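Here's the structure we're looking at; comments come further down.
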Amino acid sequence: MKLLKWFKRDKSKTDNDRTNPVIADYELPPYPAKDDMAENKVYLKETFNYTEDLIDKPFTIDTHACSVMFLESLTDEEKMEKNLYSKLNRVHSIGALEETLTNMDASKLLHVSEAVPHILAGKCLLFIDGLDYCYILNTNKIILRDIGQPENEQIIRGAHQGFVESLMVNIYLLRQMVQHPQLTIRFKKVGKKKNTKVCIVHVEGTADKKVLNEIDRRLSKIDSDKLISSGVIEEYLEDFPYSPFPQFMSTERPDRCALNLLDGKIVLFVEGEGTALLLPMSFLSFYQSNDDYNSRWYAGTFFRLLRMFSFVTSVTLPGIYIAIISFHFEIIPYGMTFVIKDAVEEIPYPPIVEAFFMELTLELIREAGVRLPSPIGQTIGIVGGLVIGDAVVNAGFVSSVMIIVVALTAISSFAVPANEMSMSVRLLRFPIMIMASLLGFLGIVFCLNIYLIHLCKLTSLGQPYFYPFAPFHFKGILKDVLRFPHTKTTWLNLDNNHNNNNES
Amino acid sequence: MEPLLNNRISAKQIFFLIVQTQIGIAVLTLPARVFAEAEWEGWISILIAGGFVQCLLILYISLVHRFKDHTFFTMTRILIGKPLSVVVNFSYFIYFLTVTILILTLYYRTIASWLFPETPKWIIMALIVSAAVFLVREDIHIIARFYTLVSCLLILIIGVQLTGYTAAQPLYLLPLGHIGIADYLKGADASLQAMLGFELILFIYPFIQGAKKEVTKISSYAIWFTIGVYVFSSVTAFLFFSPDEIVLVPNPVLYMLKAFTSPVVDRLDLIFISVWIISVTTSLMTYLFLASQYTQVIFSLKKRKSAVFYLGLLILFIALFFESNEAIDAFSEFVGNISYTFIVGIPFILLIIALVRKKPARGKEKAS
Amino acid sequence: MRAVLTALFICIIILNTGCWDSRQLRDITVVKSAGIDADEEDQLIEVTFASPIPEKYRTTERAQIVSALGHTPRHARDNLEAEVSEALDLGKLRVLMIGKELASEDLYPPLDIVYRDPRSALAAQIVIAEDQAKDIIDLQLEDRPRTSELIAELIKAAEEKTMLPITNIQLICPPLFDRGQDAMVPYMTLEEGNPHLKGVALFNDRQMTGSLSVKETTMLLLMMDKLQQTASLTEKVHSGRENELENYVTIEVEEVHRNLDVTINKATGQIEVPLKIDLFVNVIEYPLDDLDNEEKLNELSSLLSRNFTEKFQKVTEKLQDSNSDILGIGRRIHAYHYPYWKEIDWKEVYSEVDFQVDVTVDIVRHGILF
């Protein structure tokens, strides 16, 4: 029973009240620009703690002392050259300079303190001695990765683009796919210091207003002063932080985002990350791949069903094996009894130990291989998979049937298209193995029962997670589990917008 | 936390709530029980019991529909006054707990004799109770979703019994009409315990979204579906076992599966009895839910959640006391007897009082 | 804190792993065939278990065969546990063989343990051994590794050819308990060191009272409308031919239409059972080769009809001699003439039943030759 408390949702824990005393807030008191340029400069340098990449480039125009200040690391020299230096040669008075600046789309600031965030974004600040305002110029450096195929989510057919680390490029990619005026972008700064830029994309009209408001509310509640990544945001947005199931999907594929946007889902980008969060998500969406829609419909249906089946096998197969050889060997049909009996005859350990040993070995191989460069990773796979597997059977530690079971389980857990789901699924099998070793099939069914109840309870931003199974919706199952030809699905889409509320 | 959900259930979900509550551990023993009274015509007894249950259902709905905005426990207060209602409500509370304990002991008995004779009792009971507590903490709409989902198990119970037809002897069902009406009624009485669960409608009516007519229709479907499953199971068992054999077999449905063999899997009974724990748990969940409803109404607990947990512990401890087969049988008999008071007696009296007082429903009839 | 407690709780459970009801497959002796015999001298029961030896321990012997005496099968089995290194388990029993002597007394008592035990294999094949079951179980055939498999496959093949009824321990139970129907069980003997099917053992209630040969069993099964995939019958139709082979015809039954009726002559109390059987057959062996016109076909079929009517009638008489109501006539009387059933003692009346067998043979095909 205590196990249940793991799943209990506990809101108070998620609020992080502690403040970190070392990093102070940089909400600055307003500091109006002074006539005296030197004073402004000192203020700025002090604010930046005399950091050495803060460059101060003085020059004079018509006896007026001017100065450009910028963070060298963030500023694009080429843009400076093009936008500023080349033009300075042609200006000979302050009036002309100001005119040029206005034409260049520079903005005028009355407070130096306001310029600080801009400088941090890579812009440069121009002071003119004797004026009680300053100009900010757009010279930030943009270093971009190529828009390449995402490594983690490969598909066979379809768009081979992936998100990059820049918000604007990502939005560009989305707008390319969904060319519609209702595609709405909202920016929001989150975190205790409001220093992480988050972008919420939705299609007005199809996305649920209530969900949008809820996202907004939860984002404002983020109170962390740590570096905010999409993982952190995900946890703040979740309804059930203790659940083993991922409640949102992270993807690097613009086409997947576009598909889901049109389906009424919401996409969330975090500045500086090449991953989009898709929300709210249902369990089944983790088992769908864009390939399903691009292949023949019966192939798509078949592979979807295969993936569902892989969910069941990857969660239960080791448990079933344990249950059979330690409790219910009667259910092995006559022909197989002695094949299995011969295989397990001289194994010294109880099956649960045997299974845990192999499962953990396999997880270890995967974990060791995943961060290594691919040639070494492959070697590890071969050493681990083939050499250890063979040696372990020959040495008589583990039965050969166990190896088959573990290998099948591993393969089926990798058949899930979404990485985060595959992780959850791999963890879900351990309780089942323990229960199976205690109570055989009864234990397995009990665990599955608990998982099912949990899935029924689970919501993703208030939307039922296990839809269309719970609430049961027959057409939804036809639509999400199977895939009918695109031209023949009109009868399934009749109540598409209301299906979440239409419980039957 | 869930601003987007409402905790009412649709009329269709009533079907699954009732069916899942009714079909539980009793279906495994039902054929043998009715056979003991009505021999191979036991299935007719089940139909008679079904007709009786159908009448009761109409009675219930006409009662609770008068108080559409009240739960049963508050309704009794309006109808018969506070002091009497306390007694009635509390006895219902005890009745629900008794039924949960009965389900628990019966399932343990089956498991112990078929699968795990050595495993400590508390482990198996704790499994069922913990699953029940885990779900019943949630609102009724979550429970309804879960019941709908696990209703695919009903296909299982029908499907596995089809294997019995490989050795069916149709002549075992004949002749018809060889016993008197009294025997049919006795058989109906014996099958009534398996029908328990339809009284759920008394307590969850205010949660249902749907017109009275629709609710009546769907809950009747549910009852007749259950009866269909029962008749099917009984007929299958009567066809598979010869009359003199069936009296020796307390769990005909399971016993039939024991002889099953195929090149892929043998001994379906082992799988079936394990999977059937879910259907048993759903029956238990309903009664635990109803009992927790009582605590919510009486103690004005804002959250039922903690109450559910303690109720679970309570029934677990009480259920551990039943050791011998005789004690369980006596207890089962006792529950069968008192259930008449709760499913027939009290609702009937309440309906008469309601009719006499002609008290309209408090508050306006909200359009659902 | 709660998490620590939970972890502790789970750990304790894991440490307890392996207790309670787990039976590791590697720690048990899986018994594949068992024999139960009566031991006359001491009024004891002798059980014999055979279990294949796992490949790793195999030397010359391929099966471990043990037997012991006891008052009941269970008692004898418990005595055996002292002899066998691992626990005996009958969960995957393939063949259960009962000695004729025990079966003629009462078949149920030795089987009670199988019906009662939740782990027993009800789908196991039950066989009556003509002498001692032990002798057949004891066999260590050179060419077949497992005698149990051999017997089970032998029976299965015979079932498919309608030579034996489809039975297992559970399937014989309803007729065993049924007052209106009786059971039949495959009957086996040892011939020149090999197991040999003799046909079926007939039961009167729970006692074995007679037996039928394989050919008679086929006829009985045809009368019961229980044709499996095929059923072949060889019949002598001519007698004058020089070549003995040409006197015979072998047919394969493709379809059976059976019409069984039970009528009670109220006046005499005589029970009449008109039994009309239409066999649609394929001639598969007929060395005479003269089926080239319809006349000869009709001649052959009427000849066969006459012969079969006679032989089928004989089978019913044999059933009546053993007082074994395999056809379930009593069940029909129970179903359709219930008041009459209550008046009579069926076992007394059965031998008086008048079977009126009428077989019609219809040759529908005759291979690819005339």
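Residues in the structure tokens are numbered from 1 in each chain, the chains being A, B, ... in the order shown, and ligands are numbered from 1 in the order shown.
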
Could you please select, counting only C-alpha atoms, the residues of chain B within 9 Å of chain A and state them as a PyMOL selection string?
chain B and resi 1-5+9-13+116+119+124+126-131+133-135+138+141-146+148-150+261-268+270-271+273-278

Selected residues, C-alpha atoms, written as a PDB file, in the first residue's frame, please.
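Result went into out22.pdb, see below:
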```
ATOM      1  CA  MET B   1      -6.122  20.664 -10.154  1.00  0.00           C
ATOM      2  CA  GLU B   2      -8.523  19.499 -12.806  1.00  0.00           C
ATOM      3  CA  PRO B   3     -10.466  22.544 -13.752  1.00  0.00           C
ATOM      4  CA  LEU B   4     -11.353  21.030 -17.082  1.00  0.00           C
ATOM      5  CA  LEU B   5     -13.186  18.016 -15.764  1.00  0.00           C
ATOM      6  CA  ILE B   9     -20.824  10.521 -15.262  1.00  0.00           C
ATOM      7  CA  SER B  10     -22.675   9.930 -18.458  1.00  0.00           C
ATOM      8  CA  ALA B  11     -25.653   7.644 -18.693  1.00  0.00           C
ATOM      9  CA  LYS B  12     -23.671   5.194 -20.749  1.00  0.00           C
ATOM     10  CA  GLN B  13     -21.121   4.772 -18.005  1.00  0.00           C
ATOM     11  CA  PHE B 116      -1.853 -20.312  -3.651  1.00  0.00           C
ATOM     12  CA  THR B 119       0.630 -17.667   0.559  1.00  0.00           C
ATOM     13  CA  ILE B 124      -3.629 -11.539  -1.201  1.00  0.00           C
ATOM     14  CA  ALA B 126      -3.912  -6.537   0.826  1.00  0.00           C
ATOM     15  CA  LEU B 127      -3.383  -6.703  -2.924  1.00  0.00           C
ATOM     16  CA  ILE B 128      -7.070  -6.410  -3.653  1.00  0.00           C
ATOM     17  CA  VAL B 129      -7.748  -3.813  -0.997  1.00  0.00           C
ATOM     18  CA  SER B 130      -4.796  -1.653  -1.975  1.00  0.00           C
ATOM     19  CA  ALA B 131      -5.870  -1.603  -5.610  1.00  0.00           C
ATOM     20  CA  VAL B 133      -8.240   2.055  -2.201  1.00  0.00           C
ATOM     21  CA  PHE B 134      -5.979   3.414  -4.896  1.00  0.00           C
ATOM     22  CA  LEU B 135      -8.890   3.876  -7.257  1.00  0.00           C
ATOM     23  CA  GLU B 138     -10.687   9.326  -6.926  1.00  0.00           C
ATOM     24  CA  HIS B 141     -15.962   9.707 -13.068  1.00  0.00           C
ATOM     25  CA  ILE B 142     -12.480   8.198 -12.801  1.00  0.00           C
ATOM     26  CA  ILE B 143     -13.981   5.048 -11.354  1.00  0.00           C
ATOM     27  CA  ALA B 144     -16.442   4.929 -14.229  1.00  0.00           C
ATOM     28  CA  ARG B 145     -13.626   5.297 -16.735  1.00  0.00           C
ATOM     29  CA  PHE B 146     -11.722   2.469 -15.173  1.00  0.00           C
ATOM     30  CA  THR B 148     -15.424   0.957 -18.778  1.00  0.00           C
ATOM     31  CA  LEU B 149     -11.858   0.095 -19.620  1.00  0.00           C
ATOM     32  CA  VAL B 150     -11.773  -3.203 -17.796  1.00  0.00           C
ATOM     33  CA  THR B 261      -5.226 -27.822 -23.696  1.00  0.00           C
ATOM     34  CA  SER B 262      -3.758 -26.356 -26.858  1.00  0.00           C
ATOM     35  CA  PRO B 263      -0.363 -26.214 -28.529  1.00  0.00           C
ATOM     36  CA  VAL B 264       0.147 -22.609 -27.372  1.00  0.00           C
ATOM     37  CA  VAL B 265      -1.137 -22.535 -23.848  1.00  0.00           C
ATOM     38  CA  ASP B 266      -2.521 -25.038 -21.378  1.00  0.00           C
ATOM     39  CA  ARG B 267      -4.553 -24.702 -18.224  1.00  0.00           C
ATOM     40  CA  LEU B 268      -6.606 -21.602 -18.937  1.00  0.00           C
ATOM     41  CA  LEU B 270      -4.636 -20.466 -13.985  1.00  0.00           C
ATOM     42  CA  ILE B 271      -4.664 -17.435 -16.251  1.00  0.00           C
ATOM     43  CA  ILE B 273      -8.383 -16.858 -12.055  1.00  0.00           C
ATOM     44  CA  SER B 274      -5.492 -14.399 -11.992  1.00  0.00           C
ATOM     45  CA  VAL B 275      -7.053 -12.019 -14.465  1.00  0.00           C
ATOM     46  CA  TRP B 276     -10.412 -12.296 -12.787  1.00  0.00           C
ATOM     47  CA  ILE B 277      -8.976 -10.454  -9.785  1.00  0.00           C
ATOM     48  CA  ILE B 278      -9.711  -7.240 -11.668  1.00  0.00           C
TER      49      ILE B 278
END
```

Residues of chain C near chain A: apply a cut-off of 6 Å, count only C-alpha atoms, and supply the list as a list in words.
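So the contacting residues turn out to be Thr6, Thr17, Ser22, Arg23, Gln24, Leu25, Arg26, Pro54, Gly91 and Lys92 of chain C.
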
Store the residues of this selection in a file with N, CA, C and O atoms, as a PDB file, in the first residue's frame.
```
ATOM      1  N   THR C   6       8.944   3.205   2.458  1.00  0.00           N
ATOM      2  CA  THR C   6       8.469   2.418   1.321  1.00  0.00           C
ATOM      3  C   THR C   6       9.571   1.508   0.808  1.00  0.00           C
ATOM      4  O   THR C   6       9.363   0.320   0.579  1.00  0.00           O
ATOM      5  N   THR C  17      11.335 -13.292  -0.963  1.00  0.00           N
ATOM      6  CA  THR C  17      11.083 -13.955  -2.243  1.00  0.00           C
ATOM      7  C   THR C  17      11.403 -15.431  -2.174  1.00  0.00           C
ATOM      8  O   THR C  17      12.368 -15.841  -1.559  1.00  0.00           O
ATOM      9  N   SER C  22       5.871 -20.798  -4.419  1.00  0.00           N
ATOM     10  CA  SER C  22       6.613 -20.952  -5.660  1.00  0.00           C
ATOM     11  C   SER C  22       7.201 -22.354  -5.750  1.00  0.00           C
ATOM     12  O   SER C  22       7.651 -22.936  -4.770  1.00  0.00           O
ATOM     13  N   ARG C  23       7.113 -22.917  -6.936  1.00  0.00           N
ATOM     14  CA  ARG C  23       7.694 -24.227  -7.200  1.00  0.00           C
ATOM     15  C   ARG C  23       8.576 -24.036  -8.417  1.00  0.00           C
ATOM     16  O   ARG C  23       8.098 -23.891  -9.523  1.00  0.00           O
ATOM     17  N   GLN C  24       9.867 -23.985  -8.197  1.00  0.00           N
ATOM     18  CA  GLN C  24      10.753 -23.748  -9.328  1.00  0.00           C
ATOM     19  C   GLN C  24      10.723 -24.946 -10.259  1.00  0.00           C
ATOM     20  O   GLN C  24      10.839 -26.084  -9.815  1.00  0.00           O
ATOM     21  N   LEU C  25      10.611 -24.651 -11.525  1.00  0.00           N
ATOM     22  CA  LEU C  25      10.546 -25.731 -12.515  1.00  0.00           C
ATOM     23  C   LEU C  25      11.778 -26.632 -12.420  1.00  0.00           C
ATOM     24  O   LEU C  25      11.705 -27.838 -12.613  1.00  0.00           O
ATOM     25  N   ARG C  26      12.930 -26.030 -12.077  1.00  0.00           N
ATOM     26  CA  ARG C  26      14.146 -26.846 -12.067  1.00  0.00           C
ATOM     27  C   ARG C  26      14.179 -27.799 -10.888  1.00  0.00           C
ATOM     28  O   ARG C  26      14.960 -28.737 -10.887  1.00  0.00           O
ATOM     29  N   PRO C  54      16.409 -35.052 -17.619  1.00  0.00           N
ATOM     30  CA  PRO C  54      16.932 -33.926 -18.374  1.00  0.00           C
ATOM     31  C   PRO C  54      18.234 -34.287 -19.089  1.00  0.00           C
ATOM     32  O   PRO C  54      19.020 -35.102 -18.595  1.00  0.00           O
ATOM     33  N   GLY C  91       1.545 -32.143 -12.628  1.00  0.00           N
ATOM     34  CA  GLY C  91       0.870 -31.067 -13.346  1.00  0.00           C
ATOM     35  C   GLY C  91       0.919 -31.204 -14.856  1.00  0.00           C
ATOM     36  O   GLY C  91       0.098 -30.643 -15.551  1.00  0.00           O
ATOM     37  N   LYS C  92       1.911 -31.909 -15.358  1.00  0.00           N
ATOM     38  CA  LYS C  92       1.998 -32.046 -16.808  1.00  0.00           C
ATOM     39  C   LYS C  92       1.846 -33.492 -17.232  1.00  0.00           C
ATOM     40  O   LYS C  92       2.443 -33.935 -18.195  1.00  0.00           O
TER      41      LYS C  92
END
```

Taking 6 positions as the minimum chain separation for residues in the same chain, which residues sit within 10 Å of Val201 of chain A when counting only C-alpha atoms? Answer as an MDAnalysis selection string.
chainID A and resid 171 174 183:187 207 212 257 261 265:269 278

Enumerate as a list in words the residues belonging to chain C that approach chain B to within 6 Å, with only C-alpha atoms taken into account.
Trp20, Asp21, Pro118, Leu122, Ala123, Pro174, Phe177, Asp178 and Ala335 of chain C

Per-residue DSSP, segment 140-349 of chain A, filtered to alpha helix (DSSP H), as a ChimeraX atom specification
/A:167-177,209-220,230-237,254-262,290-294,297-326,334-344

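Residue nearest Cys152 of chain B, chosen from B:Ala190, B:Leu28, B:Val19, B:Leu355 and counting only C-alpha atoms: B:Val19.
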
Set the distance at 9 Å and use only C-alpha atoms: which residues neighbour Gln293 of chain B once local chain neighbours fewer than 2 positions away are removed? I'd like the list as a list in words.
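In the requested format, the answer is Phe73, Phe93, Phe203, Leu288, Phe289, Leu290, Ala291, Thr295, Gln296, Val297, Ile298 and Arg304 of chain B.
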
Selection to disk with C-alpha atoms, as an mmCIF file, in the first residue's frame:
```cif
data_model
loop_
_atom_site.group_PDB
_atom_site.id
_atom_site.type_symbol
_atom_site.label_atom_id
_atom_site.label_comp_id
_atom_site.auth_asym_id
_atom_site.auth_seq_id
_atom_site.Cartn_x
_atom_site.Cartn_y
_atom_site.Cartn_z
ATOM 1 C CA PHE B 73 -28.036 9.659 2.596
ATOM 2 C CA PHE B 93 -22.803 1.797 5.741
ATOM 3 C CA PHE B 203 -26.632 6.050 -4.483
ATOM 4 C CA LEU B 288 -15.951 0.750 -0.803
ATOM 5 C CA PHE B 289 -16.915 3.840 -2.755
ATOM 6 C CA LEU B 290 -20.458 3.735 -1.412
ATOM 7 C CA ALA B 291 -19.193 3.295 2.139
ATOM 8 C CA THR B 295 -18.436 9.026 5.602
ATOM 9 C CA GLN B 296 -18.403 12.066 3.375
ATOM 10 C CA VAL B 297 -22.031 12.840 4.061
ATOM 11 C CA ILE B 298 -22.029 12.083 7.754
ATOM 12 C CA ARG B 304 -13.005 11.207 1.157
#
```

Skip Gly191 of chain A itself and residues of its chain fewer than 3 positions away, then list as a list in words all residues within 8 Å of it, counting only C-alpha atoms.
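Here the qualifying residues turn out to be Lys194, Asn195, Thr196, Ser220, Ile222, Asp223, Ser224, Asp225 and Ile228 of chain A.
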